[in-house]
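Data first, discussion second: the structure below is written as C-alpha cells.
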Amino acid sequence: MDHQAIRTLMPKLVSGHIPRNSRTFKFRVFDGQPQPSTLGFYIDPKPFEGKIIAKTDEAIIVKTGRADFAALDRHLATQEPDEGAKVLVQPYARRRFDGQRADTPEERTEFASDGTPYIVKTYILGSAPAKLPVPELRCPELQELVHQLEQLPVSDGFRRITHMLVDAGAKDFNWVDPLPRDIIKTPPAVSFTVSTAKFQGQVTVLYKRGDDLYAVELRRGEELVQRVDEIFFDMLGETLERLIDDGTWKQIRIEVVSEKRRVTGN
C-alpha cells in the first residue's frame, strides 16, 4: 500500500468525521508490515473496534476514536463490510505454539519464606518469544538448533523462525536426540507437520556434523518430496520461508459487530 498516497488522501477522507473543536487527527496504517515503536523495537498491534467511514482502491478507513483512524490494506482484509458498519479489526500479531500472543507476559511460580506460592509475571519490552515445545535435550548440537530456530529472523525482520512455524500450523513435533558417539550415523533433527498453501506434510531439519551444515527434508507420508542440503545457519530462516510460508499470516481479520441501520419509508 502506498503510504504517501494515503497520507495525502487522509485529510479529505476524515474531514467530515472529526469534531469541530479538534484541529488535528491521528491515523495508523495496517498493511502487514512491521510497526516499530518510538524506542525502535517491533510491536504487535492489539485488536480494535471502529466504524468504517470510507474506502479507496487500496484502503479501508476505520474511525477508532474521537480523532483517531486506521487505514487497512484492502487487499489483506478478510472481508469488506459496507461504510457505516461497526467492525472488530484484528491485525496480525505474532503467536506462541499454545495459541497465545507472543507478547503475553511469562508466568512462573515463586515461594515466600513461609512456603506460600505466588505468581510472578515477567514482560520484557520488545520481547515476543515463541519457544519450541521441546523436552529436556542432551545433544548440544540439537540444543543449538532449537536456539537458532527460536532466535533467527525470517525475511520480514519481524518474525523469528518459530513465529513462522506457528503461522504455518506446525504441530506433531518429534526429536532425534543422539548421544555424542552416534551424532554422525544418527544426525540430530527436529521434525513437525505444517499445513500451508505451499506445502502440507512433514518438515525435518537435520544437522550434519561432518559438514557443520543443515539440511531440510519435506515428506508426505513415506514419500520424500524435496531435500535441500548445504544450508548455513544464517540461511535456515530464508530456506524454510521459501519452502513453507504462504504469506496468509498477513491477513487483517475483520468481523462485523453491527451493520449500518437502513431507514425505510412506508
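Convention: chains lettered A, B, ... in C-alpha cells order; per-chain residue numbering from 1; ligands numbered from 1 as shown.
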Alpha helix (DSSP H) positions in region 17-150 of chain A, given as a VMD selection string: chain A and resid 140 to 150
Arg96 (chain A) environment, 8 Å, only C-alpha atoms, sequence neighbours closer than 2 positions dropped, as a count of residues only: 11
Residue contacts of Leu206 (chain A) (8 Å, only C-alpha atoms) excluding same-chain residues fewer than 2 positions away, as a PyMOL selection string: chain A and resi 187-190+204+208+214-216
Could those selected residues go to a file with N, CA and C atoms, as a PDB file, in the first residue's frame?
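Listing of again-v3.pdb after writing:
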ATOM      1  N   PRO A 187      21.933 -38.289  12.781  1.00  0.00           N
ATOM      2  CA  PRO A 187      22.014 -36.822  12.875  1.00  0.00           C
ATOM      3  C   PRO A 187      20.922 -36.245  13.773  1.00  0.00           C
ATOM      4  N   PRO A 188      21.279 -35.266  14.602  1.00  0.00           N
ATOM      5  CA  PRO A 188      20.267 -34.560  15.398  1.00  0.00           C
ATOM      6  C   PRO A 188      19.243 -33.924  14.456  1.00  0.00           C
ATOM      7  N   ALA A 189      17.980 -33.961  14.841  1.00  0.00           N
ATOM      8  CA  ALA A 189      16.936 -33.434  13.948  1.00  0.00           C
ATOM      9  C   ALA A 189      15.698 -33.063  14.743  1.00  0.00           C
ATOM     10  N   VAL A 190      14.945 -32.142  14.172  1.00  0.00           N
ATOM     11  CA  VAL A 190      13.617 -31.805  14.674  1.00  0.00           C
ATOM     12  C   VAL A 190      12.657 -31.903  13.494  1.00  0.00           C
ATOM     13  N   THR A 204      11.460 -31.794   8.179  1.00  0.00           N
ATOM     14  CA  THR A 204      12.527 -32.226   9.078  1.00  0.00           C
ATOM     15  C   THR A 204      13.757 -31.351   8.855  1.00  0.00           C
ATOM     16  N   LYS A 208      24.044 -31.847  10.063  1.00  0.00           N
ATOM     17  CA  LYS A 208      25.063 -32.762   9.548  1.00  0.00           C
ATOM     18  C   LYS A 208      26.408 -32.380  10.158  1.00  0.00           C
ATOM     19  N   TYR A 214      23.189 -27.618   7.791  1.00  0.00           N
ATOM     20  CA  TYR A 214      21.859 -28.180   7.967  1.00  0.00           C
ATOM     21  C   TYR A 214      21.323 -28.701   6.642  1.00  0.00           C
ATOM     22  N   ALA A 215      20.308 -29.547   6.751  1.00  0.00           N
ATOM     23  CA  ALA A 215      19.529 -29.988   5.593  1.00  0.00           C
ATOM     24  C   ALA A 215      18.061 -29.955   5.990  1.00  0.00           C
ATOM     25  N   VAL A 216      17.201 -29.734   5.012  1.00  0.00           N
ATOM     26  CA  VAL A 216      15.760 -29.720   5.254  1.00  0.00           C
ATOM     27  C   VAL A 216      15.104 -30.713   4.307  1.00  0.00           C
TER      28      VAL A 216
END
Picked from region 18-73 of chain A by DSSP as strand (DSSP E or B), as a PyMOL selection string: chain A and resi 26-30+35-36+42-43+48-55+59-63+68-73
Export of the given selection (C-alpha atoms) as a short mmCIF file (atom, residue, chain, number, x, y, z; two decimals), in the first residue's frame:
data_model
loop_
_atom_site.label_atom_id
_atom_site.label_comp_id
_atom_site.auth_asym_id
_atom_site.auth_seq_id
_atom_site.Cartn_x
_atom_site.Cartn_y
_atom_site.Cartn_z
CA LYS A 26 -4.04 10.67 14.06
CA PHE A 27 -4.03 7.53 11.98
CA ARG A 28 -2.12 4.27 11.70
CA VAL A 29 -1.54 2.17 8.61
CA PHE A 30 -2.02 -1.60 8.76
CA GLN A 35 5.41 -1.43 13.14
CA PRO A 36 8.36 -0.17 15.20
CA TYR A 42 8.68 -4.00 16.87
CA ILE A 43 5.26 -4.17 18.48
CA PHE A 48 -9.58 -2.72 17.99
CA GLU A 49 -13.14 -1.71 17.17
CA GLY A 50 -14.29 1.13 14.98
CA LYS A 51 -16.64 2.27 12.24
CA ILE A 52 -15.88 2.09 8.54
CA ILE A 53 -16.12 5.62 7.15
CA ALA A 54 -14.54 5.40 3.69
CA LYS A 55 -12.86 3.19 1.12
CA ALA A 59 -7.54 1.10 1.77
CA ILE A 60 -10.45 0.74 4.15
CA ILE A 61 -10.64 3.67 6.57
CA VAL A 62 -11.89 2.96 10.08
CA LYS A 63 -12.62 5.55 12.75
CA ASP A 68 -8.20 8.56 15.60
CA PHE A 69 -8.33 6.46 12.46
CA ALA A 70 -6.86 3.34 10.91
CA ALA A 71 -6.10 2.69 7.24
CA LEU A 72 -6.32 -1.04 6.44
CA ASP A 73 -4.80 -2.56 3.33
#
Region 222-234 of chain A surroundings by only C-alpha atoms, 12 Å radius, close-in-sequence under 5 positions cut, as number ranges by chain: A: 141, 144-149, 151-155, 161, 199-217, 239-240, 242-244
